[in-house]
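The block underneath contains the structure these notes are about, expressed in structure tokens.
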Protein chains: 4
Amino acid sequence: MQFPTFIEPDFNREPFISAPDVKTEPAGDGFLPENFYATTIYPEYFKIDGKWTMLHKSRMDCVVVIKNGMPNVVEPRRVKKGDEVVVGRKDDGRAGVYVHAGCFEDNKESSDGAFVFRTGQSRESSYSREYDQLYEILKNDRDKGYIVWVLGPACVFDYDSRNAMANLIEKGYCDCLFAGNALATHDLEAALFNTGLGQDIYSKKHVENGHYNHLHTINLVRKAGSIDKFLEKYNLDTGVMHALTKTKTPFVLAGSIRDDGPLPEVIGNVYEAQNAMREHTRRATTVICLATQLHTIATGNMTPAYCETSDGIRPVYIYSVDISEFAVNKLHDRGSLSVKGLVTNIQDFLVNLERNL
Amino acid sequence: MQFPTFIEPDFNREPFISAPDVKTEPAGDGFLPENFYATTIYPEYFKIDGKWTMLHKSRMDCVVVIKNGMPNVVEPRRVKKGDEVVVGRKDDGRAGVYVHAGCFEDNKESSDGAFVFRTGQSRESSYSREYDQLYEILKNDRDKGYIVWVLGPACVFDYDSRNAMANLIEKGYCDCLFAGNALATHDLEAALFNTGLGQDIYSKKHVENGHYNHLHTINLVRKAGSIDKFLEKYNLDTGVMHALTKTKTPFVLAGSIRDDGPLPEVIGNVYEAQNAMREHTRRATTVICLATQLHTIATGNMTPAYCETSDGIRPVYIYSVDISEFAVNKLHDRGSLSVKGLVTNIQDFLVNLERNL
Amino acid sequence: MQFPTFIEPDFNREPFISAPDVKTEPAGDGFLPENFYATTIYPEYFKIDGKWTMLHKSRMDCVVVIKNGMPNVVEPRRVKKGDEVVVGRKDDGRAGVYVHAGCFEDNKESSDGAFVFRTGQSRESSYSREYDQLYEILKNDRDKGYIVWVLGPACVFDYDSRNAMANLIEKGYCDCLFAGNALATHDLEAALFNTGLGQDIYSKKHVENGHYNHLHTINLVRKAGSIDKFLEKYNLDTGVMHALTKTKTPFVLAGSIRDDGPLPEVIGNVYEAQNAMREHTRRATTVICLATQLHTIATGNMTPAYCETSDGIRPVYIYSVDISEFAVNKLHDRGSLSVKGLVTNIQDFLVNLERNL
Amino acid sequence: MQFPTFIEPDFNREPFISAPDVKTEPAGDGFLPENFYATTIYPEYFKIDGKWTMLHKSRMDCVVVIKNGMPNVVEPRRVKKGDEVVVGRKDDGRAGVYVHAGCFEDNKESSDGAFVFRTGQSRESSYSREYDQLYEILKNDRDKGYIVWVLGPACVFDYDSRNAMANLIEKGYCDCLFAGNALATHDLEAALFNTGLGQDIYSKKHVENGHYNHLHTINLVRKAGSIDKFLEKYNLDTGVMHALTKTKTPFVLAGSIRDDGPLPEVIGNVYEAQNAMREHTRRATTVICLATQLHTIATGNMTPAYCETSDGIRPVYIYSVDISEFAVNKLHDRGSLSVKGLVTNIQDFLVNLERNL
């Protein structure tokens with residue numbers, strides 16, 4: 001896998017040389033100076049004490065707090081009174097802030113793709129090449145990267161795709177999983193009863209009194225105290241949550257107002273859930289989002305277009321897969337070449353992927 | 001407005017007469033006895049001390065705790081150790097539990113509609129009659145009911161529909177509003193800048209540096225300390241949040257992992273948000289859900305098919321309006337005659353509604 | 001209504017002055033010289049005998065046959081052996097062909113909209129301004145233009161929207177209607193039985209043996225010999241086909257392989273149907289396409305971006321209204337500023353429109 | 001592959017024994033007696049001269065003409081003056097007409113599935129079992145059946161799926177293909193230029209002047225006189241049309257008003273196209289419809305729920321695969337157990353299928 005080459009900005013030329021140091025103003029308690037500067041998905045540099053310094057582990061729509069001569073990215077809600085927040089909205093270097101949007105752009109492939117990325121994806125887009133690239137990226141990142149999966153509940157409503165996802169985890173293609181209470185609950189119901197909301201996940205038959213399976217599963221997990229204790233207690237050995245537990249792969253289950261239960265591991269405060277997710281997106285090299293608009297957009301918001309690896313700076317690849325063009329293009333529109341949208345049923349996507357890896 | 005007549009169950013016949021008292025078992029800390037009984041969307045009766053007693057202010061997928069001879073509906077996560085929880089899964093009366101699913105069914109209109117409701121709604125369904133019924137219901141419930149609106153952000157991205165919604169609130173057609181951080185933020189951005197995510201909500205022109213409008217608005221509200229202080233400070237007098245504030249209409253803003261900010265009023269813990277929402281769905285006579293799958297399903301989950309008013313028991317009407325058949329039918333499928341789905345753009349829906357009321 | 005000003009090209013400058021005459025080669029029987037030039041949606045000029053001459057009544061993807069010193073637009077399938085067909089693929093004037101893509105582009109509104117038009121339309125786009133412009137355009141074109149409607153069957157499945165469309169026709173807002181056998185059949189079934197495919201178009205009740213209503217209606221029209229004789233024979237006075245007949249508004253019903261019947265007026269050969277449609281798109285000033293991908297794309301293909309009226313050259317406005325982003329953007333993508341997409345249910349669209357005109 | 005057993009109706013019992021002969025009335029020229037009987041998708045029997053006789057090679061929404069003591073199914077538009085057309089709308093046997101709707105229904109699998117089939121298919125339905133059944137059916141029907149494919153243009157816009165479809169044809173899994181001018185044109189453009197509408201079907205790059213590729217391809221085929229002569233002349237050996245030509249598999253290309261060209265093989269009169277399609281659906285044992293609402297519904301209309309093979313009467317299996325729930329359920333709703341809907345991208349569907357066969 002040959003990633004696009006990162007182009008170091010040359011700060012030994014104008015306007016960088018003559019640019020002043022970045023300006024800051026102190027924050028209030030949980031609010032910002034009015035002219036705050038907001039981060040982007042690209043690598044950003046700030047001139048501090050006459051020196052251009054890159055911001056690490058960034059994400060968009062945050063602010064930059066200068067501390068001990070170093071820029072730090074902070075969510076606006078987490079600033080504290082007196083934090084020195086970068087202000088000003090020029091980002092071309094002349095005011096001490098430089099957004100390096102073209103960091104990979106001289107790369108041939110990227111520029112060839114320039115037109116393509118601007119077009120929304122549709123059911124009639126060709127996806128052969130996206131699949132081939134994804135196989136390559138995953139094979140590389142399995143060993144050298146950090147692959148984050150973001151899963152909607154539909155992934156486990158189908159027998160084959162639930163198995164495919166579990167296999168992908170067991171084969172090492174998942175370093176972290178983001179989901180909600182529903183994905184985990186449906187998966188555990190399938191492990192216990194072979195049903196999803198009371199419907200057999202293979203034969204589709206509705207089991208008698210099957211609507212209880214869902215609530216009953218939640219109750220048993222709550223009683224057991226945790227997902228892994230539940231799996232152990234009932235000797236369950238199938239599905240996504242089992243594969244995560246078996247391989248000790250971390251996961252973040254974020255709460256939503258739609259939840260029954262919740263399961264013990266679900267984080268009820270959404271901003272704490274964001275914090276937990278962010279710990280993993282900071283490390284992400286590839287993100288695969290399937291059939292969940294809520295979690296996909298949340299994850300997209302906190303994932304930059306680039307990552308710093310031991311091999312240097314490279315793009316973070318984000319795949320957004322959904323059956324709805326609207327959902328796919330919602331993320332796709334953010335305008336990064338490294339976001340790929342595929343309009344399809346994620347059951348087929350997962351089965352395809354697992355067979356080719 | 002003539003609502004379907006409620007049919008009182010006749011407990012002076014079998015199997016009700018010979019039925020035993022309902023059985024209970026004690027709950028654990030946050031978990032249930034394994035054979036717990038789960039509530040439905042219909043009126044339910046429990047035989048306690050030889051007497052059939054109706055459960056009040058119910059909602060589905062909860063449990064029933066008997067206390068001082070009365071049944072109480074409780075979310076499973078809120079049960080406390082030792083609570084006496086109803087157990088058993090028979091609900092035809094013979095075991096002391098009776099679900100009155102046919103409470104309105106001898107009503108002529110309902111039974112005529114029987115076949116219709118089973119069919120999913122689509123872009124080709126006829127909606128003339130749904131609109132006419134909705135006008136009648138809203139005119140009635142404006143004075144005699146409790147109308148809950150559930151709004152997705154698209155409602156305020158358009159100039160006309162944002163005004164229409166604000167007018168409906170000012171005219172008294174909204175007793176409570178449920179939404180997320182995004183709806184409120186986009187609405188306040190429109191009040192301040194006339195934009196939504198930096199795009200003019202009428203001309204659609206993209207304002208320069210307009211992406212800051214969103215974060216800037218949030219920051220000003222956080223600095224002001226609350227939405228009403230922000231509106232007052234900047235003398236803003238348009239939009240949904242202004243109309244709510246002006247008319248002192250309550251609202252619940254539930255947090256999600258997708259949020260920027262959040263605004264001060266947003267409830268970050270989703271289970272507390274559920275509790276806050278539930279205080280209003282308990283009173284709801286009509287619920288109108290627009291363009292938000294998350295909030296719509298959350299609200300649908302906690303809204304029964306009937307309500308108790310001073311005029312007696314009548315249906316709660318739930319309207320689910322969305323451009324996606326999938327989203328509409330997701331709620332529609334729950335099988336209550338009183339759920340109406342309309343597949344359309346909610347901008348047109350709101351403008352239509354406001355012109356006809 | 002102020003239309004964007006048409007900018008006459010200035011042929012008294014280079015490269016137009018030095019450009020050679022356009023080149024032609026003879027066609028075969030129903031096929032073209034290999035290097036044929038294909039027309040666009042914009043005004044086009046051809047240098048013939050040293051003079052630049054505009055092509056009239058054009059449409060895209062056709063060829064230009066020079067006859068008696070004049071350029072004529074011809075569908076490729078209609079060329080005859082020996083026709084002198086323009087060849088070459090340069091269209092900047094230097095080879096005798098000039099495509100005037102920027103004919104309206106210095107117009108302020110258009111250029112402001114430049115970015116906007118490139119973005120696909122979605123359920124979250126703001127449509128207030130589109131509606132306001134459409135009202136203005138229709139009020140103008142009612143008297144001074146030629147308004148073509150393209151209707152899918154969903155328009156007549158709903159009581160209110162069927163009435164709204166009939167009223168629009170009666171009020172003079174329709175100069176020609178394109179549809180298929182289904183729209184006309186469903187409309188006539190509604191006139192006779194008040195049903196669409198056996199379902200009451202207001203109450204939605206399924207009439208007993210109602211599936212016969214459809215086939216029975218077709219049979220009665222075939223027996224009567226024509227739609228107007230059928231309407232007269234059974235004294236029918238509602239709906240779209242009645243309004244067209246009453247106002248003597250022309251219509252083209254194009255056949256498809258999905259047809260039952262067909263009705264007598266339906267043109268079974270699709271290429272003859274194209275010819276019949278083209279007679280009207282040549283005159284069109286505004287085209288409104290509702291809920292039919294087949295007829296919308298067919299009409300879009302044969303409608304240019306401009307028209308020649310007694311007041312000069314102005315844009316043809318094409319509205320594509322559908323509940324599916326995919327369908328809307330399919331036409332929208334052709335890249336003309338004068339194509340407007342609205343993602344909504346056409347029932348609401350029609351009812352809205354009729355109330356505002 | 002074990003098909004559901006066909007249950008012969010027992011005519012040696014009431015009401016069949018006492019039923020009168022079926023009644024007929026003469027048709028007019030292209031129109032029917034008013035009380036005509038319309039056929040269904042099920043096996044039907046008519047009592048003629050005291051004997052119950054099955055109607056062969058039926059399809060729904062047609063009429064039955066009795067000739068020489070035998071019932072014949074005829075499209076209404078094809079009746080001739082004086083044809084003796086069956087009249088009456090009772091179909092339970094008592095009036096000489098018997099619709100055998102339950103012909104397979106005692107089969108265990110079918111009745112278990114009863115509830116399932118009534119539910120619409122969605123993006124969240126489980127499809128594992130549908131795939132497994134489809135593999136089995138295709139393996140059986142490859143040798144013992146007649147497999148008809150109905151293809152929309154999206155099938156050939158993608159490199160992998162175009163190859164997959166061509167391979168399926170070459171491996172014997174296609175006995176006949178229905179499509180329109182667009183599918184064939186895009187496929188031949190891909191064979192010649194590796195593009196679809198000027199965009200590379202693998203890399204997605206837009207070729208310069210690529211919009212000509214489409215029209216140019218059509219022109220070359222028209223010049224060559226036929227698809228096979230074109231393929232030969234340019235030594236083309238990829239794609240769907242090549243595979244059909246190579247294997248001498250019949251195809252029907254039906255015209256539509258959306259067509260450019262058309263290619264020489266396209267049937268411009270849609271009712272003649274229906275006739276040509278019907279010759280194949282009469283023989284069909286399995287029908288697979290991909291990403292085309294027009295051709296899918298047209299084919300569905302003319303395909304019964306059963307077929308007569310050398311092994312006896314068995315279901316015709318119809319698969320409708322589309323990314324839109326609306327399109328899938330449109331056919332699915334016709335209420336036959338043998339219609340299976342899959343909501344997915346047909347590129348993935350084809351690639352999946354080819355890998356598993």
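Chain labels follow the order of the structure tokens: the first chain is A, the next B, and so on; residue numbering restarts at 1 in every chain, and ligands are counted from 1 in their shown order.
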
- Item | Neighbour list for Ile346 (chain C) as a ChimeraX atom specification, cut-off 8 Å, only C-alpha atoms, skip fewer than 6 positions in-chain | /C:154-155,161,290-291,321-323

- Those of region 12-167 of chain A in DSSP alpha helix (DSSP H), formatted as a PyMOL selection string: chain A and resi 108-112+114-118+128-144+159-167

- Query: Which neighbours of region 299-304 of chain C fall inside 7 Å, counting only C-alpha atoms, when residues of the same chain fewer than 5 positions from it are skipped, and could you give them as a count of residues only?
  - Reply: 8

- Query: Just how far from CA of Asp141 (chain A) is CA of Ser126 (chain A), in Å to one decimal?
  - Reply: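 Interatomic distance here is 24.1 Å.
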
- Item | Interface, chain D side, toward chain C (9 Å; only C-alpha atoms) as a VMD selection string | chain D and resid 28 to 38 61 75 to 77 89 209 212 215 to 216 218 to 223 254 to 262 267 to 274 294 to 299 301

- Just asking: which residues within region 122-340 of chain D are strand (DSSP E) according to DSSP, as an NGL selection string? :D and (147-151 or 176-180 or 195-196 or 199-200 or 251-254 or 286-290 or 306-309 or 312-315 or 317-322 or 339-340)

- Record the distance separating CA of Asp10 (chain C) and CA of Gly210 (chain D), expressed in Å with one decimal.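 If I compute the distance from CA of Asp10 (chain C) to CA of Gly210 (chain D), I get 29.1 Å.
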
- Query: Mind pulling up the distance from CA of Val150 (chain D) to CA of Ile288 (chain D)?
  - Reply: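 Those two atoms sit 6.0 Å apart.
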
- Message: I'd like the contact shell of Lys51 (chain B) - 12 Å cut-off, only C-alpha atoms, skipping same-chain residues fewer than 2 positions apart - returned as a PyMOL selection string.
- Response: chain B and resi 11-12+16-22+45-49+53-54+69-71+96-97
